[in-house]
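Undergrad: Shown below is the structure under consideration.
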Amino acid sequence: MAVLDLKRKLAILSDAAKYDASCASSGSGRRDSVGGKGVGSTEGMGICHAYAPDGRCISLLKILLTNYCIYDCAYCVNRVSSNTPRARFSVKEVVDLTLGFYRRNYIEGLFLSSGIIRTADYTMEAMVRVARTLRLDHDFRGYIHLKLIPEASPGLVAEAGLYADRVSINVELPRDDSLARLAPEKDAGGIRKAMGGVRRSAEAAKDRRSKAMPPKFAPAGQSTQMIVGADDAPDGEILKRSETLYGAYHLRRVYYSAFSPIPDSTARLPLARPPLVREHRLYQADWLMRFYGFGRAEIVGETEDLDLAVDPKLGWALRNRGEFPVDLNTADRERLLRVPGLGVKSVDRLLGIRRYKRLVLEDVRRLTRGLDKLRPFIVTADWTPGALTDSAGLRQRYVPEPKQMSLF
Amino acid sequence: MQVVRLAHETDFDGWREAARSLRAHGVAPEAALWTVDGAAELFAPEPPAAGANTVAERPFRVPKAFVELAAKAILHRSDERFALLYRLLWRLQTEPNLMRIVSDPDVARAQEFGRNVSRAAHKMKAFVRFREARDDLGEAYVSWFEPAHRVTEATAPFFVRRFTNMRWSILTPDVCAHWDLADLTFTAGADPADAPREDALEDYWRTYYASIFNPARLKVGAMQSEMPKRYWRNLPEAALIPELIASAQARTAEMVRQPATEPSRRVVKAAVRTSRDAPYDSAGPTELGAVAAGVDHCRRCDLWRDATQGVPGQGPAQARLMLVGEQPGDQEDLAGLPFVGPAGQMLDRALAEAGVPRAETFVTNAVKHFKHEPRGKRRIHKTPNAGEVSACRWWLDAERRLVRPKVIVALGGTAALAVFGRPTAVGQFRQQAIQLPDQTQGVVTYHPSYLLRLPDPDAKKVAYAAFVADLTFAWGLVKASAPA
């Protein structure tokens, strides 16, 4: 076999890693390289060092240690039965690339994942070795995100948590049955147990009752990813699964990745890809559940899909006209958060101003992206929507008319 | 007209000093003209003479929010920033809450300046690209950068914290920052020609940038709103963007056109294997290990869907006392072991007080999966219904058949339903030995979670004492039965 040069390996192993949507480099504690020997800092908020034309941020060097894999997951370009070119980094190569990129300020750190080679422990050990070398030999204080292999032994997982800021295990698909069908070697129960183990380790690390200082464990918590559109689970079912996952494993994020065509695809997958806007709507609904006090059942029924034409908050408002209009001068924070067009920041600003003066439309215009969306749902000192809130054609205001093709 | 000449473009201290003095002298915002040394002068400077106050010095305090915003907004490239901030200061005299009214045009403008400056500082942290240079002292890293606003000095400490052990310089048209491993110094603005022309690793970075891009999902607008074109000329990767966009559609079309790969034979075999090995067989398991494995794969009801795992009983296979709870909780669901959470700790304490050795008991639950509903970011316990209890009795019966305890204690109503097969009121049947068909004796008592939830401390004390008494009673029945 020909020896691949490093640049070629980098091309193969970053191409193989791009289907993981996670990019965050946030949520860890504050630390810097003052008093140390190496480079690196994290200051809470992550930094996106570049953006690719797919609109995704590039914050970490996101690569696989190897894309050889003994598993055969239908949705994955690296499955054993695919004909994709293969490569494998040495530990030193990953360490050198990470440090070289970091010193030039290209990245916040490393996001390392891997295909499964030989056994789960063999693979996990190699990934942990990369993190250990960066932390111990080079005193690297940047961000590290390690993918965990669910079947890896607890000792290796503990060591991964010691060096990593964040760890993640992907649930991959919303339904256990789909996982069994599309990823025969993966075990949904095993994935959940591993995520439960991560939550327990993270809680033990923060336990103030124990006398000895407990070992550190992934201070930026854990996240996961679900592929959308590879099976026929509706949005309601996907969001219900997220709700369960957030509650059970205290995840920082669930990433939704619209199934996208991969090179060398398999016949087990649907031919049509879901529209990218579906992924966008799922993220919006996810935010409503986490930051706006919405319950999943309020947003979408378990067997339904989200409305692609209007965002889920506007959709809720259109279905619940009786809750509107909301008087911006008197309503409490919880109700203000339910007004379409008002985000958390604008709500907090409105509450701040309200203590000193009566709000008028002009105030609202300065603080939000546009009044048009808001008008039917709000009352201010100088505005009341009258019959507009309940008008039959309200939805039409927000949905662009389908354009007729012009003849020529 | 009062003219103020500041020492340089980011002279916040000078502005503050002058603004203080102008205000004390009652110089209205319209009567003050702000310039920077070196800029064209219209009038000769006439600083207000010290000690010649026309207005008596009134005590005047400004909100902290104003000072913080002013320090930031002064870094903005707009010429109107000094006057705007002085106008705000002037208005604060009569409108002390002005800074809270963020919809006021002056406040909104100043805050917009502040946001622009914060964003420019953030983008500087993101988009500075160092190139390696060698000199007499060894390796150093040099960057040429053009910040949107004058944020270089304010942002340099970030680079010190991040690259403390690296010699570096950031050159900009306004000012240059240098770190020599010990001190941060600033020199006058420079020229792009002063920075290194290339770096060997940039080609690797471009390779990474091109490879991590997914051509199947083009969102050029999203990219440009976060990575504005004004920064592109100093980003080595940006040169690739036009070509990546141009070829994206063709690459995606090619992927879709490729015929699907046939699934491998291995995959087909694995699918057959999965369907053959049914999760549990109908004859019932014949050892506790099989119960544990079966419980974890159980699909007899729907509770498995939202749970982490099935939680089987735990304890010696020949235990004389079996304790049956309701269902695993949040902690048990994660650990895969019964009674390890708060209820388990209370049970342990009560067992110890009743003189029952926990290690000699078999502890299990009526329902083996955690039934719950999401409430915010937590999971709230939900009582299993009769259908779920009845579906799961299959496993409890197997455990009873295999362990053959002398006495079974049902903890709470759900456990009583599972053990006795019919609703059994706890309060009514406490302290009684109930004969069961399989020659064991049954005892009912409270569930420890019930004790934990009692709000009244006195009622809690009474119920806890009763709980310990019931466990003592059950252990008495065990000892009275035939010796082990």
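So you can find residues: chains in the structure tokens are A, B, ... in the order shown, residues in each start at 1, and ligands are numbered from 1 in order.
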Check the DSSP output for the backbone and give back, as an MDAnalysis selection string, the residues of range 86-176 of chain B in strand (DSSP E).
TA: chainID B and resid 131:135 138:144 168:171 175:176
Undergrad: Would you list the contacts of Arg305 in chain B as a list in words, taking every protein, DNA or RNA residue within 9 Å and counting only C-alpha atoms, but skipping same-chain residues closer than 5 positions in sequence?
TA: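 Close residues of Arg305 in chain B: Arg175 and Asp176 of chain A; Arg299 of chain B.
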Undergrad: Which parts of range 278-411 of chain B does DSSP call helix (DSSP H, G or I) when run on the backbone here, written out as a ChimeraX atom specification?
TA: /B:288-296,302-306,330-335,342-353,358-360,386-403
Undergrad: Excluding His149 in chain B and its own-chain neighbours fewer than 2 positions away, which residues fall within 9 Å of it when counting only C-alpha atoms? Please give them as a count of residues only.
TA: 12
Undergrad: For chain A, list the residues within 6 Å of chain B, counting only C-alpha atoms, and write the list as an NGL selection string.
TA: :A and (11 or 14-15 or 18 or 32-34 or 39-41 or 49 or 51-55 or 104-105 or 192-193 or 196 or 247 or 263 or 265-267 or 353 or 363 or 366)
Undergrad: Write out as a ChimeraX atom specification which residues come within 12 Å of Asp194 in chain B when counting only C-alpha atoms, dropping same-chain ones fewer than 4 positions away.
TA: /B:131,133,142-145,169-173,176,189-190
Undergrad: Separation of CA of Arg88 in chain A and CA of Arg118 in chain A, in Å?
TA: 13.4 Å
Undergrad: Select, from A:Leu162, A:Leu64, A:Val167, A:Leu394, the residue with the minimum atom-to-atom distance to Thr123 in chain A, counting only C-alpha atoms.
TA: A:Leu64
Undergrad: Would you list the contacts of Thr66 in chain A as a ChimeraX atom specification, taking every protein, DNA or RNA residue within 8 Å and counting only C-alpha atoms, but skipping same-chain residues closer than 4 positions in sequence?
TA: /A:13,86-89,114-115
Undergrad: Find the residues near range 134-144 of chain A: any atom within 9 Å, counting only C-alpha atoms, skip ones fewer than 2 places away on the same chain, and give them as a PyMOL selection string.
TA: (chain A and resi 25-26+28+31-33+36-42+60+95+98-99+102+108-112+129-132+146+163-167) or (chain B and resi 162)
Undergrad: Could you save the residues just selected, with C-alpha atoms, as a compact mmCIF listing (two decimals), in the first residue's frame?
TA:
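Written out: selection_39.txt:
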# COMPACT_ATOMS: atom_id res chain seq x y z
CA SER A 25 -15.91 25.16 21.99
CA SER A 26 -17.82 26.73 24.85
CA SER A 28 -15.64 24.97 29.90
CA ARG A 31 -8.06 28.87 32.07
CA ASP A 32 -5.06 30.24 30.20
CA SER A 33 -1.42 29.49 29.57
CA GLY A 36 2.37 27.08 32.06
CA LYS A 37 4.73 25.73 29.44
CA GLY A 38 2.44 25.46 26.44
CA VAL A 39 -0.27 27.39 24.65
CA GLY A 40 -4.01 27.62 25.06
CA SER A 41 -6.89 29.21 26.86
CA THR A 42 -10.63 28.89 27.21
CA LEU A 60 -12.08 23.03 16.32
CA VAL A 95 -0.76 16.29 18.16
CA THR A 98 -3.36 20.51 16.55
CA LEU A 99 -0.49 22.50 18.06
CA TYR A 102 -3.45 26.41 17.38
CA GLU A 108 -9.81 26.67 19.52
CA GLY A 109 -8.68 23.08 19.91
CA LEU A 110 -9.32 19.53 18.81
CA PHE A 111 -12.49 17.49 18.23
CA LEU A 112 -11.31 13.92 17.83
CA ARG A 129 -3.41 8.87 24.09
CA VAL A 130 -3.74 11.90 21.80
CA ALA A 131 -5.50 13.90 24.52
CA ARG A 132 -3.03 12.77 27.19
CA LEU A 146 -13.52 13.57 22.52
CA TYR A 163 -8.41 15.43 29.65
CA ALA A 164 -11.45 16.46 27.62
CA ASP A 165 -13.56 19.58 28.05
CA ARG A 166 -16.50 17.91 26.41
CA VAL A 167 -17.36 14.33 25.54
CA ARG B 162 -3.61 32.40 25.17
Undergrad: Write out as a PDB file with N, CA, C and O atoms, in the first residue's frame which residues come within 10 Å of Glu172 in chain A when counting only C-alpha atoms, dropping same-chain ones fewer than 4 positions away.
TA:
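Resulting contents of selection.pdb:
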ATOM      1  N   CYS A  73     -22.668   1.048   9.410  1.00  0.00           N
ATOM      2  CA  CYS A  73     -23.830   1.915   9.600  1.00  0.00           C
ATOM      3  C   CYS A  73     -24.188   2.542   8.252  1.00  0.00           C
ATOM      4  O   CYS A  73     -23.386   3.243   7.647  1.00  0.00           O
ATOM      5  N   TYR A  75     -25.886   5.028   7.175  1.00  0.00           N
ATOM      6  CA  TYR A  75     -25.849   6.473   6.934  1.00  0.00           C
ATOM      7  C   TYR A  75     -24.437   7.034   6.943  1.00  0.00           C
ATOM      8  O   TYR A  75     -24.229   8.217   6.727  1.00  0.00           O
ATOM      9  N   ASP A 176     -34.989   3.423  18.191  1.00  0.00           N
ATOM     10  CA  ASP A 176     -34.125   2.268  18.422  1.00  0.00           C
ATOM     11  C   ASP A 176     -34.213   1.268  17.276  1.00  0.00           C
ATOM     12  O   ASP A 176     -33.222   0.676  16.870  1.00  0.00           O
ATOM     13  N   SER A 178     -34.818   1.847  14.141  1.00  0.00           N
ATOM     14  CA  SER A 178     -34.078   2.299  12.970  1.00  0.00           C
ATOM     15  C   SER A 178     -32.590   2.074  13.161  1.00  0.00           C
ATOM     16  O   SER A 178     -31.880   1.713  12.223  1.00  0.00           O
ATOM     17  N   LEU A 179     -32.119   2.292  14.389  1.00  0.00           N
ATOM     18  CA  LEU A 179     -30.692   2.086  14.646  1.00  0.00           C
ATOM     19  C   LEU A 179     -30.347   0.612  14.416  1.00  0.00           C
ATOM     20  O   LEU A 179     -29.336   0.291  13.799  1.00  0.00           O
ATOM     21  N   LEU A 182     -30.367   0.205  10.564  1.00  0.00           N
ATOM     22  CA  LEU A 182     -29.366   0.914   9.767  1.00  0.00           C
ATOM     23  C   LEU A 182     -27.954   0.792  10.326  1.00  0.00           C
ATOM     24  O   LEU A 182     -26.983   0.996   9.616  1.00  0.00           O
ATOM     25  N   ALA A 183     -27.839   0.507  11.626  1.00  0.00           N
ATOM     26  CA  ALA A 183     -26.508   0.381  12.232  1.00  0.00           C
ATOM     27  C   ALA A 183     -26.489  -0.885  13.068  1.00  0.00           C
ATOM     28  O   ALA A 183     -26.541  -0.840  14.290  1.00  0.00           O
ATOM     29  N   LYS A 186     -24.492  -1.271  16.293  1.00  0.00           N
ATOM     30  CA  LYS A 186     -24.677  -0.333  17.408  1.00  0.00           C
ATOM     31  C   LYS A 186     -25.857  -0.780  18.250  1.00  0.00           C
ATOM     32  O   LYS A 186     -26.794  -1.400  17.756  1.00  0.00           O
ATOM     33  N   ALA A 188     -28.636   0.647  20.890  1.00  0.00           N
ATOM     34  CA  ALA A 188     -29.243   1.863  21.452  1.00  0.00           C
ATOM     35  C   ALA A 188     -29.202   1.841  22.981  1.00  0.00           C
ATOM     36  O   ALA A 188     -28.928   2.862  23.620  1.00  0.00           O
ATOM     37  N   ILE A 191     -25.758   2.672  24.190  1.00  0.00           N
ATOM     38  CA  ILE A 191     -25.481   4.105  24.032  1.00  0.00           C
ATOM     39  C   ILE A 191     -26.087   4.881  25.197  1.00  0.00           C
ATOM     40  O   ILE A 191     -25.447   5.737  25.809  1.00  0.00           O
ATOM     41  N   THR A 224     -24.922  15.312  22.062  1.00  0.00           N
ATOM     42  CA  THR A 224     -25.169  14.176  21.183  1.00  0.00           C
ATOM     43  C   THR A 224     -25.690  14.671  19.836  1.00  0.00           C
ATOM     44  O   THR A 224     -25.958  15.858  19.681  1.00  0.00           O
ATOM     45  N   GLN A 225     -25.809  13.768  18.888  1.00  0.00           N
ATOM     46  CA  GLN A 225     -26.314  14.148  17.566  1.00  0.00           C
ATOM     47  C   GLN A 225     -27.331  13.138  17.070  1.00  0.00           C
ATOM     48  O   GLN A 225     -27.190  11.947  17.274  1.00  0.00           O
ATOM     49  N   MET A 226     -28.392  13.648  16.436  1.00  0.00           N
ATOM     50  CA  MET A 226     -29.396  12.788  15.822  1.00  0.00           C
ATOM     51  C   MET A 226     -29.469  13.117  14.340  1.00  0.00           C
ATOM     52  O   MET A 226     -29.497  14.281  13.963  1.00  0.00           O
ATOM     53  N   ILE A 227     -29.519  12.100  13.507  1.00  0.00           N
ATOM     54  CA  ILE A 227     -29.653  12.322  12.068  1.00  0.00           C
ATOM     55  C   ILE A 227     -31.138  12.404  11.738  1.00  0.00           C
ATOM     56  O   ILE A 227     -31.929  11.571  12.170  1.00  0.00           O
ATOM     57  N   VAL A 228     -31.490  13.439  11.010  1.00  0.00           N
ATOM     58  CA  VAL A 228     -32.887  13.702  10.703  1.00  0.00           C
ATOM     59  C   VAL A 228     -33.167  13.313   9.257  1.00  0.00           C
ATOM     60  O   VAL A 228     -32.432  13.708   8.356  1.00  0.00           O
ATOM     61  N   ALA A 230     -33.271  10.156   7.929  1.00  0.00           N
ATOM     62  CA  ALA A 230     -32.787   8.860   7.454  1.00  0.00           C
ATOM     63  C   ALA A 230     -33.807   7.764   7.754  1.00  0.00           C
ATOM     64  O   ALA A 230     -33.794   6.707   7.147  1.00  0.00           O
ATOM     65  N   TYR A 255     -27.604  17.972  18.770  1.00  0.00           N
ATOM     66  CA  TYR A 255     -27.423  18.480  17.413  1.00  0.00           C
ATOM     67  C   TYR A 255     -28.310  17.683  16.463  1.00  0.00           C
ATOM     68  O   TYR A 255     -28.434  16.467  16.605  1.00  0.00           O
ATOM     69  N   TYR A 256     -28.951  18.398  15.546  1.00  0.00           N
ATOM     70  CA  TYR A 256     -29.771  17.741  14.539  1.00  0.00           C
ATOM     71  C   TYR A 256     -29.038  17.864  13.215  1.00  0.00           C
ATOM     72  O   TYR A 256     -28.644  18.955  12.819  1.00  0.00           O
ATOM     73  N   SER A 257     -28.823  16.759  12.562  1.00  0.00           N
ATOM     74  CA  SER A 257     -28.093  16.812  11.311  1.00  0.00           C
ATOM     75  C   SER A 257     -28.996  16.262  10.220  1.00  0.00           C
ATOM     76  O   SER A 257     -29.319  15.079  10.217  1.00  0.00           O
TER      77      SER A 257
END
Undergrad: I'd like the interatomic distance between CA of Ala31 in chain B and CA of Met1 in chain B, to a tenth of an Å.
TA: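 These two atoms are separated by 4.9 Å.
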Undergrad: Just how far from CA of Asp37 in chain B is CA of His8 in chain B, in Å to one decimal?
TA: 6.1 Å
